[in-house]
Amino acid sequence: MKNQFLFKFSFQKSISVLLLLTSFLMQAQNPKGKLFIIGGGDRSDALMKQVLAVAELGKKDYIVVLPMSSEEPDSSFIFFKTQMVKLTENPIVMLNFTAATAQNKKLTDSVQKAKLIFISGGDQSRFMSVVHNTPIKTAIQKAYENGSTISGTSAGAAVMSEKMITGNQKLEKEYSGTFDNIRYDNLETSEGLGLLKTAVIDQHFLKRNRYNRLLSALVEFPELTGIGIDEATAIIVRNNQVEVAGESEVIVVRKPKGIKKSNKNNLISIENLQMSIYTPGQKFNIK
């Protein structure tokens with residue numbers, strides 16, 4: 001009788017510990033922050049007011065701009081600040097990291113403590129070459145986990161994914177703004193910030209007709225959700241729920257079935273896939 005009581009007590013205690021651990025792991029996997037990912041192009045005052053509303057800045061909070069994607073980081077920052085000072089009184093600071101400052105703890109701590117982090121447009125590979133495997137990347141990730149809003153436009157949108165589209169084609173020497181075909185093992189990807197682990201982002205989507213590029217990404221990573229964001233348009237990510245904002249549309253493709261690869265010219269076929277088009281105000285889920 002005593003042994004049965006001890007076994008029952010031990011079993012119940014084990015279940016309680018397991019439930020607590022599961023709850024802790026689920027909370028750890030769900031960041032407290034939000035993503036405001038802009039597809040490039042014009043950023044209206046109305047759209048940037050939404051960024052500020054999502055970030056919920058307090059009086060003592062500040063905004064950090066990371067312009068490392070841009071060839072002209074100072075100009076990129078001035079353009080952003082000129083617009084934002086009309087919309088908020090919160091301080092706006094530029095932290096243009098280089099290889100020499102990437103390990104600076106005081107600067108990376110400033111990134112982590114920012115309530116809103118904005119990543120400018122330009123070249124996503126240029127940005128990641130500065131932050132990859134550095135405390136900068138860790139600071140951005142921790143800021144997101146702790147409740148900050150991470151925003152970016154164009155290249156600053158592409159870096160949000162774990163699998164980042166670089167824009168280059170493996171089978172072509174010359175860069176092209178769009179892909180003129182869908183071929184296997186042609187899309188070049190690299191490691192992004194990893195804030196979105198179950199989706200891959202493409203930007204300037206309708207304006208630059210980037211369907212082939214996003215479909216190529218789904219062939220390489222069929223388990224991911226492909227999200228194409230048009231210019232002057234954004235997605236707001238709150239854990240697994242996504243809301244569309246701005247002026248145009250967002251294209252979502254997922255669950256490709258029957259992928260076949262041809263030995264001739266690396267051509268591929270897809271038997272079917274899901275495709276959705278969302279307009280501002282509409283919501284969808286990613287897993």
# chains A, B, ... in the order shown; residues from 1 in each chain; ligands from 1
$ residues_around --residues "Leu187 in chain A" --least-positions-apart "4" --cutoff "8 Å" --atoms "only C-alpha atoms" --output "VMD selection string"
chain A and resid 165 167 to 170 213 216 to 217
$ write_last_selection --atoms "C-alpha atoms" --output "short mmCIF file (atom, residue, chain, number, x, y, z; two decimals), in the first residue's frame"
data_model
loop_
_atom_site.label_atom_id
_atom_site.label_comp_id
_atom_site.auth_asym_id
_atom_site.auth_seq_id
_atom_site.Cartn_x
_atom_site.Cartn_y
_atom_site.Cartn_z
CA ILE A 165 17.19 34.72 -50.68
CA GLY A 167 19.07 37.52 -55.21
CA ASN A 168 21.77 35.61 -57.09
CA GLN A 169 21.36 32.62 -59.40
CA LYS A 170 23.83 29.75 -59.23
CA ARG A 213 12.17 33.25 -57.56
CA SER A 216 12.27 28.24 -56.78
CA ALA A 217 12.62 28.75 -53.03
#
$ closest_atom_pairs --of "range 178-205 of chain A" --to "range 110-130 of chain A" --cutoff "10 Å" --atoms "only C-alpha atoms" --output "tab-separated table"
residue	atom	partner	partner_atom	distance
A:Thr189	CA	A:Ser125	CA	9.7
A:Ser190	CA	A:Ser125	CA	8.2
A:Glu191	CA	A:Met128	CA	7.9
A:Gly192	CA	A:Met128	CA	6.7
A:Leu193	CA	A:Met128	CA	7.9
$ select_by_dssp --residues "range 33-83 of chain A" --states "alpha helix (DSSP H)" --output "number ranges by chain"
A: 45-55, 73-83
$ residues_around --residues "Gly194 in chain A" --least-positions-apart "4" --cutoff "10 Å" --atoms "only C-alpha atoms" --output "ChimeraX atom specification"
/A:137,141,159-164,198-200
$ write_last_selection --atoms "all heavy atoms" --output "compact mmCIF listing (two decimals), in the first residue's frame"
# COMPACT_ATOMS: atom_id res chain seq x y z
N LYS A 137 23.97 40.08 -34.28
CA LYS A 137 22.87 39.17 -34.60
C LYS A 137 22.21 38.66 -33.34
O LYS A 137 20.97 38.62 -33.25
CB LYS A 137 23.40 37.99 -35.44
CG LYS A 137 22.32 37.01 -35.87
CD LYS A 137 22.92 35.92 -36.74
CE LYS A 137 21.86 34.90 -37.14
NZ LYS A 137 22.42 33.83 -37.99
N GLN A 141 18.24 39.19 -32.12
CA GLN A 141 17.40 38.05 -31.75
C GLN A 141 16.87 38.18 -30.33
O GLN A 141 15.70 37.92 -30.06
CB GLN A 141 18.19 36.76 -31.92
CG GLN A 141 18.51 36.42 -33.37
CD GLN A 141 19.45 35.24 -33.50
OE1 GLN A 141 20.23 34.95 -32.60
NE2 GLN A 141 19.40 34.56 -34.64
N VAL A 159 16.35 39.72 -44.85
CA VAL A 159 17.19 39.17 -43.78
C VAL A 159 16.39 38.56 -42.64
O VAL A 159 16.95 37.86 -41.79
CB VAL A 159 18.15 40.24 -43.20
CG1 VAL A 159 19.08 40.77 -44.28
CG2 VAL A 159 17.39 41.37 -42.53
N MET A 160 15.08 38.78 -42.60
CA MET A 160 14.27 38.27 -41.50
C MET A 160 14.21 36.74 -41.47
O MET A 160 14.09 36.13 -40.41
CB MET A 160 12.85 38.82 -41.58
CG MET A 160 12.75 40.33 -41.55
SD MET A 160 13.06 41.00 -39.92
CE MET A 160 12.78 42.75 -40.21
N SER A 161 14.27 36.12 -42.63
CA SER A 161 14.12 34.68 -42.72
C SER A 161 15.37 33.95 -42.22
O SER A 161 16.48 34.50 -42.21
CB SER A 161 13.87 34.25 -44.18
OG SER A 161 12.82 34.96 -44.77
N GLU A 162 15.18 32.70 -41.83
CA GLU A 162 16.34 31.85 -41.54
C GLU A 162 17.02 31.47 -42.85
O GLU A 162 18.25 31.50 -42.95
CB GLU A 162 15.90 30.61 -40.77
CG GLU A 162 17.06 29.77 -40.27
CD GLU A 162 16.61 28.74 -39.27
OE1 GLU A 162 15.75 27.91 -39.61
OE2 GLU A 162 17.13 28.76 -38.13
N LYS A 163 16.22 31.11 -43.85
CA LYS A 163 16.73 30.87 -45.20
C LYS A 163 16.53 32.16 -45.99
O LYS A 163 15.41 32.54 -46.30
CB LYS A 163 15.98 29.72 -45.87
CG LYS A 163 16.06 28.39 -45.14
CD LYS A 163 17.47 27.83 -45.15
CE LYS A 163 17.50 26.43 -44.52
NZ LYS A 163 18.88 25.89 -44.49
N MET A 164 17.62 32.83 -46.30
CA MET A 164 17.53 34.15 -46.94
C MET A 164 17.83 34.06 -48.42
O MET A 164 18.85 33.50 -48.84
CB MET A 164 18.53 35.11 -46.27
CG MET A 164 18.52 36.51 -46.80
SD MET A 164 19.83 37.55 -46.07
CE MET A 164 21.27 36.97 -47.01
N THR A 198 9.91 29.48 -40.25
CA THR A 198 9.03 28.62 -41.04
C THR A 198 8.58 29.29 -42.34
O THR A 198 7.71 28.78 -43.03
CB THR A 198 7.79 28.23 -40.23
OG1 THR A 198 7.09 29.42 -39.83
CG2 THR A 198 8.18 27.44 -38.99
N ALA A 199 9.19 30.41 -42.69
CA ALA A 199 8.81 31.12 -43.91
C ALA A 199 10.05 31.71 -44.56
O ALA A 199 11.08 31.94 -43.90
CB ALA A 199 7.79 32.22 -43.61
N VAL A 200 9.95 31.95 -45.85
CA VAL A 200 11.00 32.64 -46.59
C VAL A 200 10.37 33.87 -47.24
O VAL A 200 9.26 33.80 -47.78
CB VAL A 200 11.67 31.72 -47.63
CG1 VAL A 200 10.67 31.18 -48.64
CG2 VAL A 200 12.82 32.43 -48.34
$ select_by_dssp --residues "range 6-202 of chain A" --states "strand (DSSP E or B)" --output "number ranges by chain"
A: 34-38, 63-66, 92-94, 116-119, 149-153, 161, 163-169, 183, 187-191, 196, 199-202
$ write_last_selection --atoms "C-alpha atoms" --output "compact mmCIF listing (two decimals), in the first residue's frame"
# COMPACT_ATOMS: atom_id res chain seq x y z
CA LYS A 34 6.79 41.58 -33.39
CA LEU A 35 8.08 41.86 -36.95
CA PHE A 36 7.05 44.66 -39.32
CA ILE A 37 8.40 43.59 -42.70
CA ILE A 38 8.08 46.05 -45.60
CA ILE A 63 14.75 53.59 -32.17
CA VAL A 64 17.93 52.07 -33.63
CA VAL A 65 18.54 52.13 -37.39
CA LEU A 66 20.92 49.53 -38.83
CA ILE A 92 16.40 57.85 -33.38
CA VAL A 93 20.01 56.69 -33.54
CA MET A 94 22.11 55.10 -36.27
CA LEU A 116 12.24 49.41 -32.32
CA ILE A 117 15.02 48.24 -34.64
CA PHE A 118 14.84 49.24 -38.31
CA ILE A 119 16.97 47.58 -41.01
CA THR A 149 9.70 45.20 -32.78
CA ILE A 150 12.09 44.42 -35.62
CA SER A 151 11.29 46.20 -38.88
CA GLY A 152 13.01 46.34 -42.23
CA THR A 153 12.43 47.19 -45.86
CA SER A 161 14.12 34.68 -42.72
CA LYS A 163 16.73 30.87 -45.20
CA MET A 164 17.53 34.15 -46.94
CA ILE A 165 17.19 34.72 -50.68
CA THR A 166 20.36 36.52 -51.77
CA GLY A 167 19.07 37.52 -55.21
CA ASN A 168 21.77 35.61 -57.09
CA GLN A 169 21.36 32.62 -59.40
CA ARG A 183 15.18 25.55 -62.32
CA LEU A 187 18.39 29.78 -56.28
CA GLU A 188 21.18 31.00 -54.03
CA THR A 189 20.27 31.26 -50.36
CA SER A 190 22.28 31.91 -47.24
CA GLU A 191 21.67 32.28 -43.53
CA LEU A 196 11.20 33.75 -39.22
CA ALA A 199 8.81 31.12 -43.91
CA VAL A 200 11.00 32.64 -46.59
CA ILE A 201 10.52 36.29 -47.62
CA ASP A 202 10.75 37.91 -51.04
$ closest_residue --among "A:Met84, A:Thr225, A:Ser76, A:Thr134" --to "Gln103 in chain A" --atoms "only C-alpha atoms"
A:Thr134
$ residues_around --residues "Ala234 in chain A" --least-positions-apart "3" --cutoff "10 Å" --atoms "only C-alpha atoms" --output "JSON, numbers by chain"
{"A": [35, 36, 37, 38, 39, 40, 43, 47, 51, 151, 152, 153, 157, 203, 228, 229, 230, 231, 237, 242, 243, 244, 245, 246, 247, 248, 249, 250, 280]}
$ closest_residue --among "A:Pro222, A:Gly156, A:Gly281, A:Gly258" --to "Ser69 in chain A" --atoms "only C-alpha atoms"
A:Gly156
$ residues_around --residues "Asn181 in chain A" --least-positions-apart "2" --cutoff "12 Å" --atoms "only C-alpha atoms" --output "VMD selection string"
chain A and resid 169 171 to 172 176 178 to 179 183 to 187 209 to 216 265 to 269
$ closest_residue --among "A:Val253, A:Ala102, A:Leu95, A:Ala155" --to "Gly41 in chain A" --atoms "only C-alpha atoms"
A:Ala155
